[in-house]
Amino acid sequence: MPATFINAALILLGSLLGLLFRNRISEKLIRALTTVLGLCVLVIGISCAIVTENTLCVILCMVIGTLIGEAVGIEQYMDKLGDALKARLVKQDSANSRFTEAFVSATLLFCVGAMAINGSLEAGLHGNYSILISKGVIDGVTSITFAAAMGFGVVFSVIPLIVYQGALTLLAAWVGPYLGATVTGEMSAVGGVIIIGIALNMLGLPKEKIRVGNMLPAIFLPIAYLPLASLISGLMA
């Protein structure tokens with residue numbers, strides 16, 4: 001939970017800075033900071049991925065998990081969820097429509113994403129807060145531009161963020177001891193690969209944006225893969 005509160009505090013700080021220096025923040029500066037943060041996220045992803053003790057597990061889980069995600073269309077559903085919430089909550093003819101739009105848009109941006117899920121799981125399973133804190137820095141920079149452009153509603157996005165990420169972290173902490181260190185380690189490694197995808201998107205390197213949302217099922221597949229691989233290995237021995 002501490003990392004989630006840090007994440008929320010950085011969003012609050014960024015939002016207040018955005019409100020304070022509205023229309024004085026250059027787009028060039030924001031782009032430069034985004035590039036630097038993308039490089040930092042890349043380092044985090046690599047550091048998580050290289051801890052694997054079973055490369056085949058990571059590869060197969062990523063392949064199968066992505067196939068599942070693509071078949072289900074997880075990222076598309078995320079986009080549709082965001083559009084549906086905006087359509088329902090944002091009333092264009094309402095006096096406070098800008099406030100609501102800022103709140104909904106910021107909430108979706110900060111909560112719906114692979115880094116929020118990976119970071120919460122990593123915090124709950126291993127007490128590793130680096131991903132969520134790094135996400136908090138990214139969210140803080142983003143909230144500056146959001147608040148400058150859309151107003152005070154961005155500040156209140158921290159409420160659903162605390163509830164969402166906090167619940168994921170607590171759930172992971174509760175379930176983690178029953179999974180075992182090997183399983184949770186490989187889950188972190190798979191999550192690291194997904195975070196590398198996020199970093200590449202931030203840096204604008206792929207010609208087509210990597211659909212990291214569709215890779216999310218891969219994080220949970222080591223729970224099934226490792227016992228199954230052990231069983232098959234025992235039968236073949």
# chains A, B, ... in the order shown; residues from 1 in each chain; ligands from 1

call {"tool": "residues_around", "arguments": {"residues": "Asn201 in chain A", "least_positions_apart": "3", "cutoff": "12 Å", "atoms": "only C-alpha atoms", "output": "ChimeraX atom specification"}}
result
/A:34-35,37-39,41-42,194-198,204-212

call {"tool": "residues_around", "arguments": {"residues": "range 69-74 of chain A", "least_positions_apart": "2", "cutoff": "9 Å", "atoms": "only C-alpha atoms", "output": "number ranges by chain"}}
result
A: 64-67, 76-79, 211, 213-218

call {"tool": "closest_residue", "arguments": {"among": "A:Ser230, A:Ile219, A:Pro2, A:Ile11", "to": "Gly136 in chain A", "atoms": "only C-alpha atoms"}}
result
A:Ile11

call {"tool": "closest_residue", "arguments": {"among": "A:Phe21, A:Tyr225, A:Tyr164, A:Phe5", "to": "Ala148 in chain A", "atoms": "only C-alpha atoms"}}
result
A:Phe21

call {"tool": "select_by_dssp", "arguments": {"residues": "range 13-216 of chain A", "states": "alpha helix (DSSP H)", "output": "MDAnalysis selection string"}}
result
chainID A and resid 13:20 27:49 55:72 74:89 97:111 114:126 130:150 158:179 181:203

call {"tool": "write_last_selection", "arguments": {"atoms": "C-alpha atoms", "output": "compact mmCIF listing (two decimals), in the first residue's frame"}}
result
# COMPACT_ATOMS: atom_id res chain seq x y z
CA LEU A 13 1.58 17.21 -6.70
CA GLY A 14 1.57 17.10 -10.49
CA SER A 15 -2.06 18.22 -10.64
CA LEU A 16 -1.40 21.19 -8.37
CA LEU A 17 1.64 22.19 -10.42
CA GLY A 18 -0.45 21.92 -13.58
CA LEU A 19 -3.13 24.15 -12.09
CA LEU A 20 -0.56 26.60 -10.79
CA GLU A 27 5.20 20.61 -24.84
CA LYS A 28 8.89 20.16 -25.66
CA LEU A 29 9.72 19.77 -21.97
CA ILE A 30 6.95 17.21 -21.47
CA ARG A 31 8.21 15.18 -24.44
CA ALA A 32 11.74 15.22 -23.05
CA LEU A 33 10.58 14.03 -19.64
CA THR A 34 8.46 11.30 -21.23
CA THR A 35 11.51 9.99 -23.10
CA VAL A 36 13.61 9.92 -19.93
CA LEU A 37 10.86 8.15 -18.02
CA GLY A 38 10.49 5.64 -20.87
CA LEU A 39 14.17 4.75 -20.53
CA CYS A 40 13.73 4.31 -16.77
CA VAL A 41 10.72 2.04 -17.29
CA LEU A 42 12.81 -0.01 -19.76
CA VAL A 43 15.46 -0.55 -17.08
CA ILE A 44 12.80 -1.65 -14.59
CA GLY A 45 11.32 -4.12 -17.06
CA ILE A 46 14.71 -5.63 -17.85
CA SER A 47 15.63 -5.90 -14.16
CA CYS A 48 12.39 -7.81 -13.49
CA ALA A 49 12.67 -10.06 -16.55
CA THR A 55 13.33 -18.91 -19.61
CA LEU A 56 11.08 -21.45 -21.32
CA CYS A 57 8.35 -20.64 -18.79
CA VAL A 58 8.55 -16.94 -19.62
CA ILE A 59 8.52 -17.56 -23.38
CA LEU A 60 5.60 -20.01 -23.37
CA CYS A 61 3.57 -17.95 -20.90
CA MET A 62 4.10 -14.82 -22.98
CA VAL A 63 3.12 -16.59 -26.21
CA ILE A 64 0.06 -18.36 -24.79
CA GLY A 65 -1.00 -15.37 -22.71
CA THR A 66 -0.79 -13.04 -25.70
CA LEU A 67 -2.79 -15.48 -27.83
CA ILE A 68 -5.47 -15.50 -25.14
CA GLY A 69 -5.42 -11.73 -24.83
CA GLU A 70 -5.61 -11.20 -28.57
CA ALA A 71 -8.46 -13.72 -28.90
CA VAL A 72 -10.42 -12.05 -26.10
CA ILE A 74 -8.53 -7.29 -23.71
CA GLU A 75 -7.06 -3.99 -24.87
CA GLN A 76 -10.08 -3.32 -27.08
CA TYR A 77 -12.37 -3.96 -24.12
CA MET A 78 -10.29 -1.53 -22.04
CA ASP A 79 -10.75 1.11 -24.73
CA LYS A 80 -14.48 0.40 -24.97
CA LEU A 81 -14.81 0.57 -21.18
CA GLY A 82 -13.17 3.98 -21.20
CA ASP A 83 -15.41 5.22 -24.01
CA ALA A 84 -18.51 3.84 -22.30
CA LEU A 85 -17.66 5.49 -18.97
CA LYS A 86 -16.99 8.80 -20.67
CA ALA A 87 -20.26 8.61 -22.61
CA ARG A 88 -22.19 7.81 -19.42
CA LEU A 89 -20.48 10.17 -17.01
CA SER A 97 -18.81 18.62 -17.62
CA ARG A 98 -15.14 19.68 -17.76
CA PHE A 99 -14.62 18.62 -14.16
CA THR A 100 -16.21 15.23 -14.80
CA GLU A 101 -14.34 14.72 -18.05
CA ALA A 102 -11.03 15.48 -16.31
CA PHE A 103 -11.85 13.08 -13.47
CA VAL A 104 -12.93 10.21 -15.73
CA SER A 105 -10.11 10.63 -18.25
CA ALA A 106 -7.41 10.83 -15.58
CA THR A 107 -8.85 7.87 -13.64
CA LEU A 108 -8.85 5.67 -16.73
CA LEU A 109 -5.34 6.72 -17.69
CA PHE A 110 -3.88 6.10 -14.23
CA CYS A 111 -5.80 2.92 -13.35
CA ALA A 114 -0.45 -3.06 -17.42
CA MET A 115 1.90 -1.10 -15.19
CA ALA A 116 -0.78 -0.57 -12.54
CA ILE A 117 -1.49 -4.32 -12.47
CA ASN A 118 2.16 -5.41 -12.64
CA GLY A 119 3.20 -2.89 -10.03
CA SER A 120 0.43 -3.84 -7.62
CA LEU A 121 1.20 -7.55 -7.97
CA GLU A 122 4.93 -6.95 -7.49
CA ALA A 123 4.26 -4.83 -4.40
CA GLY A 124 1.94 -7.44 -2.92
CA LEU A 125 3.97 -10.52 -3.82
CA HIS A 126 7.50 -9.28 -3.11
CA SER A 130 9.86 0.28 -7.61
CA ILE A 131 7.31 -0.27 -10.39
CA LEU A 132 4.48 1.59 -8.68
CA ILE A 133 6.76 4.43 -7.61
CA SER A 134 8.09 4.72 -11.15
CA LYS A 135 4.51 4.67 -12.40
CA GLY A 136 3.78 7.41 -9.87
CA VAL A 137 6.51 9.60 -11.35
CA ILE A 138 5.08 9.03 -14.85
CA ASP A 139 1.55 9.72 -13.61
CA GLY A 140 2.77 12.85 -11.83
CA VAL A 141 4.29 14.26 -15.01
CA THR A 142 1.17 13.33 -16.97
CA SER A 143 -1.10 14.90 -14.39
CA ILE A 144 0.69 18.23 -14.86
CA THR A 145 -0.42 18.43 -18.47
CA PHE A 146 -3.88 17.00 -17.72
CA ALA A 147 -4.58 19.46 -14.93
CA ALA A 148 -3.23 22.37 -16.98
CA ALA A 149 -5.50 21.45 -19.86
CA MET A 150 -8.62 20.11 -18.12
CA VAL A 158 -6.44 9.65 -6.81
CA ILE A 159 -9.49 8.26 -4.97
CA PRO A 160 -10.30 5.38 -7.38
CA LEU A 161 -6.56 4.85 -7.91
CA ILE A 162 -6.00 4.20 -4.20
CA VAL A 163 -8.96 1.83 -4.06
CA TYR A 164 -8.01 -0.06 -7.23
CA GLN A 165 -4.26 -0.44 -6.77
CA GLY A 166 -4.61 -0.91 -3.03
CA ALA A 167 -7.07 -3.76 -3.49
CA LEU A 168 -4.81 -5.48 -6.04
CA THR A 169 -1.80 -5.13 -3.74
CA LEU A 170 -3.63 -6.52 -0.72
CA LEU A 171 -5.04 -9.41 -2.76
CA ALA A 172 -1.59 -10.30 -4.09
CA ALA A 173 -0.13 -10.15 -0.58
CA TRP A 174 -2.86 -12.49 0.68
CA VAL A 175 -2.56 -15.02 -2.15
CA GLY A 176 1.22 -14.78 -2.63
CA PRO A 177 2.31 -17.07 0.23
CA TYR A 178 0.18 -19.89 -1.19
CA LEU A 179 1.84 -19.68 -4.62
CA ALA A 181 8.60 -18.23 -4.39
CA THR A 182 9.26 -19.96 -7.71
CA VAL A 183 5.83 -19.19 -9.13
CA THR A 184 5.80 -15.58 -7.96
CA GLY A 185 9.33 -15.11 -9.30
CA GLU A 186 8.31 -16.24 -12.78
CA MET A 187 5.18 -14.09 -12.61
CA SER A 188 7.43 -11.11 -11.95
CA ALA A 189 9.69 -12.07 -14.85
CA VAL A 190 6.74 -12.28 -17.24
CA GLY A 191 5.51 -8.94 -15.92
CA GLY A 192 8.96 -7.51 -16.62
CA VAL A 193 8.68 -8.45 -20.29
CA ILE A 194 5.33 -6.67 -20.47
CA ILE A 195 6.83 -3.58 -18.84
CA ILE A 196 9.53 -3.57 -21.53
CA GLY A 197 6.67 -3.35 -24.03
CA ILE A 198 5.27 -0.35 -22.15
CA ALA A 199 8.68 1.34 -22.25
CA LEU A 200 9.01 0.80 -26.00
CA ASN A 201 5.59 2.41 -26.49
CA MET A 202 6.61 5.38 -24.34
CA LEU A 203 9.75 5.82 -26.43

call {"tool": "atom_distance", "arguments": {"atom1": "CA of Phe220 in chain A", "atom2": "CA of Glu53 in chain A"}}
result
16.5 Å
